[in-house]
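Trainee: My structure is in model.pdb, and what it holds is PDB, C-alpha atoms:
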ATOM      1  CA  MET A   1       0.000   0.000   0.000
ATOM      2  CA  THR A   2       2.994   2.327   0.087
ATOM      3  CA  ARG A   3       2.215   3.645  -3.411
ATOM      4  CA  LEU A   4      -1.542   4.018  -2.937
ATOM      5  CA  GLY A   5      -3.059   7.141  -1.412
ATOM      6  CA  LEU A   6      -6.520   8.507  -0.686
ATOM      7  CA  GLY A   7      -7.601  11.697  -2.429
ATOM      8  CA  LEU A   8     -10.429  13.565  -0.703
ATOM      9  CA  ALA A   9     -11.970  15.350  -3.697
ATOM     10  CA  ALA A  10     -15.244  13.432  -3.352
ATOM     11  CA  LEU A  11     -15.319  13.429   0.458
ATOM     12  CA  GLY A  12     -15.173  17.119   1.377
ATOM     13  CA  ARG A  13     -18.116  18.605  -0.526
ATOM     14  CA  PRO A  14     -21.609  17.337  -1.339
ATOM     15  CA  SER A  15     -21.080  17.020  -5.090
ATOM     16  CA  TYR A  16     -18.273  16.324  -7.530
ATOM     17  CA  ILE A  17     -17.864  15.085 -11.098
ATOM     18  CA  ASN A  18     -17.450  11.466 -10.011
ATOM     19  CA  LEU A  19     -19.832   9.113 -11.800
ATOM     20  CA  GLY A  20     -21.300   6.331  -9.697
ATOM     21  CA  ARG A  21     -21.865   8.329  -6.496
ATOM     22  CA  ASP A  22     -24.894   7.366  -4.423
ATOM     23  CA  GLY A  23     -26.653  10.698  -5.013
ATOM     24  CA  VAL A  24     -27.291  11.347  -1.306
ATOM     25  CA  HIS A  25     -27.076  15.034  -0.349
ATOM     26  CA  ARG A  26     -25.269  14.917   2.993
ATOM     27  CA  SER A  27     -24.996  17.652   5.582
ATOM     28  CA  PRO A  28     -21.482  18.718   6.627
ATOM     29  CA  ASP A  29     -21.726  16.539   9.746
ATOM     30  CA  GLU A  30     -22.901  13.535   7.718
ATOM     31  CA  LEU A  31     -20.142  13.988   5.172
ATOM     32  CA  ARG A  32     -17.570  14.380   7.930
ATOM     33  CA  ALA A  33     -18.684  11.024   9.339
ATOM     34  CA  LEU A  34     -18.403   9.425   5.884
ATOM     35  CA  ALA A  35     -14.960  10.951   5.337
ATOM     36  CA  HIS A  36     -13.767   9.693   8.726
ATOM     37  CA  ALA A  37     -15.136   6.201   8.038
ATOM     38  CA  THR A  38     -13.319   6.142   4.699
ATOM     39  CA  LEU A  39     -10.106   7.360   6.298
ATOM     40  CA  ASP A  40     -10.459   4.592   8.891
ATOM     41  CA  VAL A  41     -10.670   1.978   6.104
ATOM     42  CA  ALA A  42      -7.641   3.494   4.400
ATOM     43  CA  TRP A  43      -5.616   3.417   7.608
ATOM     44  CA  GLU A  44      -6.575  -0.151   8.440
ATOM     45  CA  ALA A  45      -5.492  -1.201   4.940
ATOM     46  CA  GLY A  46      -2.080   0.427   5.351
ATOM     47  CA  VAL A  47      -2.619   3.630   3.356
ATOM     48  CA  ARG A  48      -0.528   6.442   4.785
ATOM     49  CA  ARG A  49      -0.770   9.165   2.145
ATOM     50  CA  PHE A  50      -3.708  11.570   2.025
ATOM     51  CA  ASP A  51      -4.398  14.345  -0.492
ATOM     52  CA  ALA A  52      -6.727  17.336  -0.143
ATOM     53  CA  ALA A  53      -7.171  20.862  -1.524
ATOM     54  CA  ARG A  54      -8.667  24.168  -0.471
ATOM     55  CA  SER A  55     -11.380  23.742  -3.115
ATOM     56  CA  TYR A  56     -12.441  20.311  -1.860
ATOM     57  CA  GLY A  57     -15.045  21.927   0.373
ATOM     58  CA  ARG A  58     -14.218  20.951   3.958
ATOM     59  CA  ALA A  59     -11.795  18.139   3.096
ATOM     60  CA  GLU A  60      -8.824  19.674   4.909
ATOM     61  CA  GLU A  61     -10.991  20.295   7.961
ATOM     62  CA  PHE A  62     -12.293  16.705   7.924
ATOM     63  CA  LEU A  63      -8.776  15.344   7.589
ATOM     64  CA  GLY A  64      -7.520  17.598  10.374
ATOM     65  CA  SER A  65     -10.303  16.517  12.734
ATOM     66  CA  TRP A  66      -9.635  12.853  11.911
ATOM     67  CA  PHE A  67      -5.982  13.310  12.831
ATOM     68  CA  ALA A  68      -7.008  15.071  16.031
ATOM     69  CA  ALA A  69      -9.148  12.063  16.958
ATOM     70  CA  HIS A  70      -6.299   9.600  16.287
ATOM     71  CA  PRO A  71      -3.103  10.629  18.085
ATOM     72  CA  GLY A  72      -0.033   9.420  16.252
ATOM     73  CA  HIS A  73      -1.669   9.107  12.839
ATOM     74  CA  ARG A  74      -0.439  12.465  11.561
ATOM     75  CA  GLU A  75       3.183  11.730  12.355
ATOM     76  CA  ALA A  76       2.957   8.432  10.469
ATOM     77  CA  SER A  77       1.252   9.979   7.430
ATOM     78  CA  THR A  78       2.247  12.036   4.415
ATOM     79  CA  VAL A  79      -0.249  14.806   3.680
ATOM     80  CA  SER A  80      -0.507  16.843   0.517
ATOM     81  CA  SER A  81      -2.861  19.688  -0.230
ATOM     82  CA  LYS A  82      -3.362  22.313  -2.902
ATOM     83  CA  TRP A  83      -4.085  26.014  -3.233
ATOM     84  CA  GLY A  84      -5.313  28.019  -6.207
ATOM     85  CA  TYR A  85      -9.014  27.156  -6.388
ATOM     86  CA  ARG A  86     -11.614  28.191  -3.833
ATOM     87  CA  TYR A  87     -14.855  26.357  -3.177
ATOM     88  CA  THR A  88     -17.801  28.609  -4.026
ATOM     89  CA  ALA A  89     -20.897  26.373  -4.058
ATOM     90  CA  GLY A  90     -21.840  26.938  -0.420
ATOM     91  CA  TRP A  91     -22.927  23.287  -0.042
ATOM     92  CA  ASP A  92     -25.452  23.692  -2.882
ATOM     93  CA  ARG A  93     -25.265  20.688  -5.217
ATOM     94  CA  ASP A  94     -27.016  22.660  -7.942
ATOM     95  CA  ALA A  95     -24.764  25.708  -7.780
ATOM     96  CA  GLU A  96     -23.881  27.148 -11.170
ATOM     97  CA  VAL A  97     -20.208  27.456 -10.185
ATOM     98  CA  HIS A  98     -18.547  25.111  -7.687
ATOM     99  CA  GLU A  99     -14.985  26.431  -7.655
ATOM    100  CA  VAL A 100     -13.044  29.437  -8.922
ATOM    101  CA  LYS A 101      -9.361  29.467  -9.845
ATOM    102  CA  GLU A 102      -6.947  32.240  -8.860
ATOM    103  CA  HIS A 103      -3.156  31.963  -8.982
ATOM    104  CA  THR A 104      -2.163  35.208  -7.247
ATOM    105  CA  LEU A 105       0.106  36.083  -4.342
ATOM    106  CA  ALA A 106      -2.798  37.347  -2.243
ATOM    107  CA  HIS A 107      -4.753  34.162  -2.829
ATOM    108  CA  PHE A 108      -1.775  31.981  -1.958
ATOM    109  CA  ARG A 109      -1.243  33.805   1.323
ATOM    110  CA  THR A 110      -4.930  33.544   2.226
ATOM    111  CA  GLN A 111      -5.201  29.875   1.375
ATOM    112  CA  TRP A 112      -1.913  28.915   3.044
ATOM    113  CA  ALA A 113      -3.231  30.362   6.312
ATOM    114  CA  GLU A 114      -6.523  28.497   5.819
ATOM    115  CA  THR A 115      -4.699  25.234   5.166
ATOM    116  CA  LEU A 116      -2.601  25.608   8.320
ATOM    117  CA  ASP A 117      -5.740  26.229  10.359
ATOM    118  CA  ALA A 118      -7.747  23.353   8.849
ATOM    119  CA  LEU A 119      -4.988  20.743   9.095
ATOM    120  CA  GLY A 120      -3.599  21.960  12.400
ATOM    121  CA  GLY A 121      -0.193  22.515  10.833
ATOM    122  CA  PRO A 122       1.590  22.477   7.492
ATOM    123  CA  PRO A 123       1.137  19.675   4.968
ATOM    124  CA  ASP A 124       4.174  17.745   3.801
ATOM    125  CA  LEU A 125       3.531  18.737   0.186
ATOM    126  CA  TYR A 126       1.757  21.924  -0.932
ATOM    127  CA  GLN A 127       0.798  22.147  -4.576
ATOM    128  CA  VAL A 128      -0.411  24.773  -7.011
ATOM    129  CA  HIS A 129      -3.832  23.507  -8.042
ATOM    130  CA  SER A 130      -4.162  22.876 -11.783
ATOM    131  CA  LEU A 131      -1.143  24.679 -13.148
ATOM    132  CA  THR A 132      -1.469  25.283 -16.883
ATOM    133  CA  THR A 133       0.897  26.879 -19.359
ATOM    134  CA  GLY A 134      -1.288  30.002 -19.288
ATOM    135  CA  SER A 135      -1.142  30.487 -15.511
ATOM    136  CA  PRO A 136      -0.087  33.981 -14.378
ATOM    137  CA  LEU A 137       2.153  32.270 -11.819
ATOM    138  CA  PHE A 138       4.911  31.926 -14.418
ATOM    139  CA  ASP A 139       5.201  35.700 -14.742
ATOM    140  CA  ASP A 140       4.807  36.620 -11.067
ATOM    141  CA  PRO A 141       8.244  36.722  -9.380
ATOM    142  CA  ALA A 142       6.749  37.941  -6.092
ATOM    143  CA  LEU A 143       4.529  34.860  -5.923
ATOM    144  CA  LEU A 144       7.399  32.532  -6.810
ATOM    145  CA  GLU A 145       9.585  34.093  -4.130
ATOM    146  CA  ALA A 146       6.784  33.795  -1.568
ATOM    147  CA  LEU A 147       6.432  30.105  -2.378
ATOM    148  CA  ALA A 148      10.171  29.589  -1.948
ATOM    149  CA  ALA A 149      10.119  31.493   1.352
ATOM    150  CA  THR A 150       7.265  29.336   2.642
ATOM    151  CA  ARG A 151       9.223  26.215   1.742
ATOM    152  CA  ALA A 152      12.252  27.491   3.624
ATOM    153  CA  GLU A 153      10.301  28.583   6.699
ATOM    154  CA  HIS A 154       8.055  25.545   7.088
ATOM    155  CA  GLY A 155      10.076  22.774   5.441
ATOM    156  CA  VAL A 156       7.180  21.969   3.127
ATOM    157  CA  ARG A 157       7.788  20.389  -0.262
ATOM    158  CA  LEU A 158       6.331  22.328  -3.204
ATOM    159  CA  GLY A 159       4.638  20.923  -6.281
ATOM    160  CA  PHE A 160       1.745  21.451  -8.646
ATOM    161  CA  SER A 161      -1.108  19.519 -10.188
ATOM    162  CA  THR A 162      -2.081  19.548 -13.851
ATOM    163  CA  SER A 163      -5.193  19.035 -15.948
ATOM    164  CA  GLY A 164      -6.076  19.477 -19.605
ATOM    165  CA  ALA A 165      -4.799  18.428 -22.981
ATOM    166  CA  ASP A 166      -1.550  20.407 -22.550
ATOM    167  CA  GLN A 167      -0.550  18.680 -19.310
ATOM    168  CA  ALA A 168       2.811  17.558 -20.672
ATOM    169  CA  ASP A 169       3.866  21.115 -21.489
ATOM    170  CA  ALA A 170       2.692  22.301 -18.051
ATOM    171  CA  VAL A 171       4.722  19.547 -16.356
ATOM    172  CA  ARG A 172       7.893  20.436 -18.222
ATOM    173  CA  ARG A 173       7.507  24.194 -17.777
ATOM    174  CA  GLY A 174       6.561  23.950 -14.104
ATOM    175  CA  LEU A 175       9.486  21.741 -13.178
ATOM    176  CA  ALA A 176      11.869  24.118 -14.953
ATOM    177  CA  LEU A 177      11.029  27.008 -12.598
ATOM    178  CA  SER A 178      13.712  28.054 -10.145
ATOM    179  CA  VAL A 179      14.148  30.731  -7.495
ATOM    180  CA  GLY A 180      17.609  31.767  -6.364
ATOM    181  CA  GLY A 181      19.151  29.052  -8.494
ATOM    182  CA  GLU A 182      17.148  26.279  -6.776
ATOM    183  CA  ARG A 183      14.372  24.303  -8.393
ATOM    184  CA  LEU A 184      11.049  25.534  -6.985
ATOM    185  CA  PHE A 185       8.839  22.493  -7.535
ATOM    186  CA  THR A 186       9.952  18.918  -6.878
ATOM    187  CA  ALA A 187       6.598  17.144  -7.196
ATOM    188  CA  VAL A 188       3.859  16.925  -9.798
ATOM    189  CA  GLN A 189       0.347  15.479  -9.643
ATOM    190  CA  SER A 190      -1.249  14.783 -13.021
ATOM    191  CA  THR A 191      -4.206  13.002 -14.565
ATOM    192  CA  TRP A 192      -3.131   9.722 -16.132
ATOM    193  CA  ASN A 193      -5.465   6.830 -16.820
ATOM    194  CA  LEU A 194      -6.208   4.221 -19.475
ATOM    195  CA  LEU A 195      -8.271   6.738 -21.451
ATOM    196  CA  GLU A 196      -5.842   9.680 -21.108
ATOM    197  CA  PRO A 197      -2.176   8.592 -20.931
ATOM    198  CA  SER A 198      -0.740  11.455 -23.009
ATOM    199  CA  VAL A 199       1.229  13.003 -20.125
ATOM    200  CA  GLY A 200       3.088   9.747 -19.493
ATOM    201  CA  GLY A 201       6.300  10.701 -21.255
ATOM    202  CA  ALA A 202       6.601  13.967 -19.328
ATOM    203  CA  LEU A 203       5.899  12.195 -16.032
ATOM    204  CA  ARG A 204       8.496   9.538 -16.793
ATOM    205  CA  ALA A 205      11.079  12.250 -17.465
ATOM    206  CA  ALA A 206      10.070  14.067 -14.273
ATOM    207  CA  HIS A 207      10.465  10.900 -12.217
ATOM    208  CA  ASP A 208      13.829  10.144 -13.781
ATOM    209  CA  ASP A 209      14.947  13.679 -12.930
ATOM    210  CA  GLY A 210      14.114  13.170  -9.249
ATOM    211  CA  ALA A 211      10.627  14.670  -8.982
ATOM    212  CA  LEU A 212       7.885  12.919  -7.002
ATOM    213  CA  VAL A 213       5.103  11.873  -9.374
ATOM    214  CA  LEU A 214       1.533  11.516  -8.124
ATOM    215  CA  VAL A 215      -1.264  10.268 -10.381
ATOM    216  CA  LYS A 216      -4.886  11.378  -9.982
ATOM    217  CA  GLU A 217      -8.186  10.520 -11.669
ATOM    218  CA  GLY A 218      -7.063   6.959 -12.304
ATOM    219  CA  VAL A 219     -10.598   5.747 -13.050
ATOM    220  CA  ALA A 220     -11.400   8.771 -15.236
ATOM    221  CA  ASN A 221     -13.899  10.266 -12.782
ATOM    222  CA  GLY A 222     -15.761   6.970 -12.727
ATOM    223  CA  ARG A 223     -16.056   6.501 -16.482
ATOM    224  CA  LEU A 224     -13.914   3.361 -16.363
ATOM    225  CA  VAL A 225     -16.149   1.904 -13.652
ATOM    226  CA  VAL A 226     -19.674   2.836 -14.718
ATOM    227  CA  GLU A 227     -19.218   1.767 -18.345
ATOM    228  CA  PRO A 228     -15.944  -0.177 -18.519
ATOM    229  CA  PRO A 229     -14.606  -0.921 -22.015
ATOM    230  CA  ALA A 230     -14.614  -4.585 -22.966
ATOM    231  CA  ALA A 231     -10.861  -5.076 -22.496
ATOM    232  CA  LEU A 232     -11.074  -3.637 -18.987
ATOM    233  CA  ALA A 233     -14.183  -5.623 -18.035
ATOM    234  CA  ASP A 234     -12.614  -8.841 -19.329
ATOM    235  CA  ALA A 235      -9.449  -8.299 -17.305
ATOM    236  CA  ALA A 236     -11.506  -7.532 -14.194
ATOM    237  CA  ARG A 237     -13.410 -10.810 -14.551
ATOM    238  CA  ARG A 238     -10.190 -12.776 -14.949
ATOM    239  CA  HIS A 239      -8.715 -11.253 -11.795
ATOM    240  CA  GLY A 240     -11.937 -11.405  -9.790
ATOM    241  CA  VAL A 241     -11.955  -7.673  -9.017
ATOM    242  CA  GLY A 242     -13.801  -4.600 -10.198
ATOM    243  CA  PRO A 243     -12.751  -2.569 -13.253
ATOM    244  CA  ASP A 244     -11.543   0.163 -10.907
ATOM    245  CA  ALA A 245      -8.906  -2.146  -9.446
ATOM    246  CA  VAL A 246      -7.649  -3.110 -12.886
ATOM    247  CA  ALA A 247      -7.566   0.532 -14.014
ATOM    248  CA  LEU A 248      -5.504   1.466 -10.960
ATOM    249  CA  ALA A 249      -3.275  -1.600 -11.418
ATOM    250  CA  GLY A 250      -2.529  -0.270 -14.883
ATOM    251  CA  ILE A 251      -1.096   2.845 -13.232
ATOM    252  CA  LEU A 252       0.804   0.892 -10.609
ATOM    253  CA  ALA A 253       2.435  -0.958 -13.508
ATOM    254  CA  GLN A 254       4.086   2.320 -14.581
ATOM    255  CA  PRO A 255       7.474   2.498 -12.818
ATOM    256  CA  TRP A 256       7.416   6.294 -12.837
ATOM    257  CA  ALA A 257       4.140   6.506 -10.850
ATOM    258  CA  ASP A 258       5.371   7.046  -7.278
ATOM    259  CA  VAL A 259       1.924   7.619  -5.750
ATOM    260  CA  VAL A 260      -1.430   6.501  -7.157
ATOM    261  CA  LEU A 261      -4.383   8.314  -5.605
ATOM    262  CA  CYS A 262      -7.764   6.666  -5.101
ATOM    263  CA  GLY A 263     -10.643   9.137  -5.325
ATOM    264  CA  ALA A 264     -13.199   6.978  -3.532
ATOM    265  CA  ALA A 265     -16.475   8.512  -2.348
ATOM    266  CA  GLY A 266     -16.905   6.064   0.525
ATOM    267  CA  PRO A 267     -15.531   2.990   2.316
ATOM    268  CA  GLY A 268     -16.945   0.469  -0.182
ATOM    269  CA  GLN A 269     -15.420   2.210  -3.178
ATOM    270  CA  LEU A 270     -12.098   2.501  -1.392
ATOM    271  CA  ARG A 271     -11.988  -1.204  -0.560
ATOM    272  CA  ALA A 272     -12.680  -1.990  -4.216
ATOM    273  CA  ASN A 273      -9.953   0.450  -5.317
ATOM    274  CA  LEU A 274      -7.358  -0.989  -2.955
ATOM    275  CA  ALA A 275      -7.730  -4.427  -4.509
ATOM    276  CA  ALA A 276      -5.465  -2.985  -7.223
ATOM    277  CA  ALA A 277      -2.478  -3.716  -4.979
ATOM    278  CA  ASP A 278      -2.913  -7.455  -5.612
ATOM    279  CA  VAL A 279      -3.508  -7.282  -9.376
ATOM    280  CA  VAL A 280      -0.585  -8.152 -11.640
ATOM    281  CA  LEU A 281      -1.447  -7.591 -15.281
ATOM    282  CA  SER A 282      -0.063  -9.843 -17.979
ATOM    283  CA  ALA A 283       1.735  -8.423 -20.993
ATOM    284  CA  GLU A 284      -1.269  -9.316 -23.141
ATOM    285  CA  GLU A 285      -3.645  -7.510 -20.788
ATOM    286  CA  ARG A 286      -1.468  -4.420 -20.690
ATOM    287  CA  THR A 287      -1.335  -4.327 -24.480
ATOM    288  CA  ALA A 288      -5.122  -4.615 -24.689
ATOM    289  CA  LEU A 289      -5.595  -1.860 -22.104
ATOM    290  CA  ASP A 290      -3.155   0.398 -23.947
ATOM    291  CA  GLY A 291      -5.634   0.389 -26.820
ATOM    292  CA  LEU A 292      -8.273   2.230 -24.777
ATOM    293  CA  ALA A 293      -6.591   5.636 -25.056
ATOM    294  CA  GLU A 294      -8.659   8.494 -26.472
ATOM    295  CA  ALA A 295      -7.445  11.639 -28.204
ATOM    296  CA  PRO A 296      -6.591  14.088 -25.395
ATOM    297  CA  GLY A 297      -8.866  16.797 -26.762
ATOM    298  CA  ASP A 298     -11.801  14.401 -26.864
ATOM    299  CA  TYR A 299     -11.109  13.129 -23.361
ATOM    300  CA  TRP A 300     -10.981  16.583 -21.797
ATOM    301  CA  ALA A 301     -14.054  17.777 -23.710
ATOM    302  CA  HIS A 302     -15.944  14.785 -22.304
ATOM    303  CA  ARG A 303     -14.678  15.489 -18.795
ATOM    304  CA  ALA A 304     -15.817  19.114 -19.043
ATOM    305  CA  ASP A 305     -19.356  17.891 -19.740
ATOM    306  CA  LEU A 306     -19.569  15.601 -16.691
ATOM    307  CA  PRO A 307     -22.234  16.741 -14.227
ATOM    308  CA  TRP A 308     -21.598  17.633 -10.598
ATOM    309  CA  VAL A 309     -23.641  15.087  -8.645
TER
END
Show me, as structure tokens, the structure contained in the file I just sent.

Mentor:
Amino acid sequence: MTRLGLGLAALGRPSYINLGRDGVHRSPDELRALAHATLDVAWEAGVRRFDAARSYGRAEEFLGSWFAAHPGHREASTVSSKWGYRYTAGWDRDAEVHEVKEHTLAHFRTQWAETLDALGGPPDLYQVHSLTTGSPLFDDPALLEALAATRAEHGVRLGFSTSGADQADAVRRGLALSVGGERLFTAVQSTWNLLEPSVGGALRAAHDDGALVLVKEGVANGRLVVEPPAALADAARRHGVGPDAVALAGILAQPWADVVLCGAAGPGQLRANLAAADVVLSAEERTALDGLAEAPGDYWAHRADLPWV
């Protein structure tokens, strides 16, 4: 389980673009209880890496309260979080806008303080949320210097996440940033799955150059589970697991994937996801699964149309 982590995107707010959710609109207290139950399952299974973000509703708060209720767990865990988006839906599942992106110095300072308060201390890894090649961060030396100063003061590792068809360019450009002659970011979290593997080459190069590589959205926001392609469904039947486990095993088979995040919306989904640790794909299965890739533009257009449920 050392390479598997739990991402809290679907556990900190009442709706997200994950297909296959149960559709129940939970109060903050109800969702906190569900998040804690899922974290309990993760811990019991040996998962020790947890990933949140300021825009994941109350995910940081739920994680912080879970740590507070379990002395010793925080010290044995690796926690990552992200800044750059803010949650705007106000617990309304039908809100027109659920999150707003802002890569500015003022926003970083505000969200860093919020993260410290919610988690009860600094995360181990703090990431720019959804860095793209068009982000104003690249042309904001004051922001870059503030990030470097925060790293020096708090000992936190810095990284960024990526999304979109130009992920590979964002990975390369982000990892090339330096402040005072020192590389600024030493970790990257990108979307890679059987339908969208286009960033793989850039992630392999990043890993080989010493960066920590985290992979998110391994089941394509539930697409690979709700309507699994034939090759995926066949492999799942052969291994006696769900298609989610096979999809995640396909990521674990990539030597450059240091951390593979499960985005489960509850304990049952997480247990099904974690079965990936015991799945070893044959060469024939991996070849068949490689054939599921879509054109990046098509994949991201489809993702943009997924409903928040």

Trainee: Using all atoms listed in the file, which residues of stretch 76-184 of chain A come within 12 Å of stretch 26-46 of chain A, and what is the closest atom pair for each, with the distance in Å to one decimal? Give it as CSV, sorted by chain and residue number.

Mentor:
residue,atom,partner,partner_atom,distance
A:Ala76,CA,A:Trp43,CA,10.3
A:Ser77,CA,A:Trp43,CA,9.5
A:Gly90,CA,A:Pro28,CA,10.8
A:Trp91,CA,A:Pro28,CA,8.2
A:Asp92,CA,A:Ser27,CA,10.4
A:Arg93,CA,A:Arg26,CA,10.0

Trainee: With the PyMOL selection byres ((chain A and resi 232) around 9) as the selection, what would be picked from this file? Answer as an MDAnalysis selection string, please.

Mentor: chainID A and resid 224 228:231 233:237 243:244 246:247 285 288:289 292

Trainee: Identify which of the residues A:Val309, A:Ala264, A:Leu143, A:Leu274 lies closest to A:Ala10, counting only C-alpha atoms when measuring atom-to-atom distances.

Mentor: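 Answer, going by the shortest atom-to-atom distance: A:Ala264.
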
Trainee: Find the residues with any atom within 12 Å of (4.9, 8.2, -5.7); use only C-alpha atoms and the coordinates as given in the file, and write the answer as a PyMOL selection string.

Mentor: chain A and resi 1-5+48-49+78+80+186-190+203-204+206-207+210-216+251-252+254-261

Trainee: From the set A:Thr191, A:Ser81, A:Asn221, A:Thr104, which residue has the shortest atom-to-atom contact distance to A:Gly159, counting all atoms listed in the file?

Mentor: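 Result for the nearest residue to A:Gly159: A:Ser81.
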
Trainee: Just checking: using all atoms listed in the file, which residue out of A:Leu306, A:Val199, A:Leu194, A:Ala245 ends up closest to A:Arg286?

Mentor: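 Checking each of A:Leu306, A:Val199, A:Leu194, A:Ala245 against A:Arg286, counting all atoms listed in the file, the winner is A:Leu194.
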
Trainee: Just the number, please: distance in Å from atom CA of A:Gly291 to atom CA of A:Gly164, one decimal.

Mentor: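 Atom CA of A:Gly164 lies 20.4 Å from atom CA of A:Gly291.
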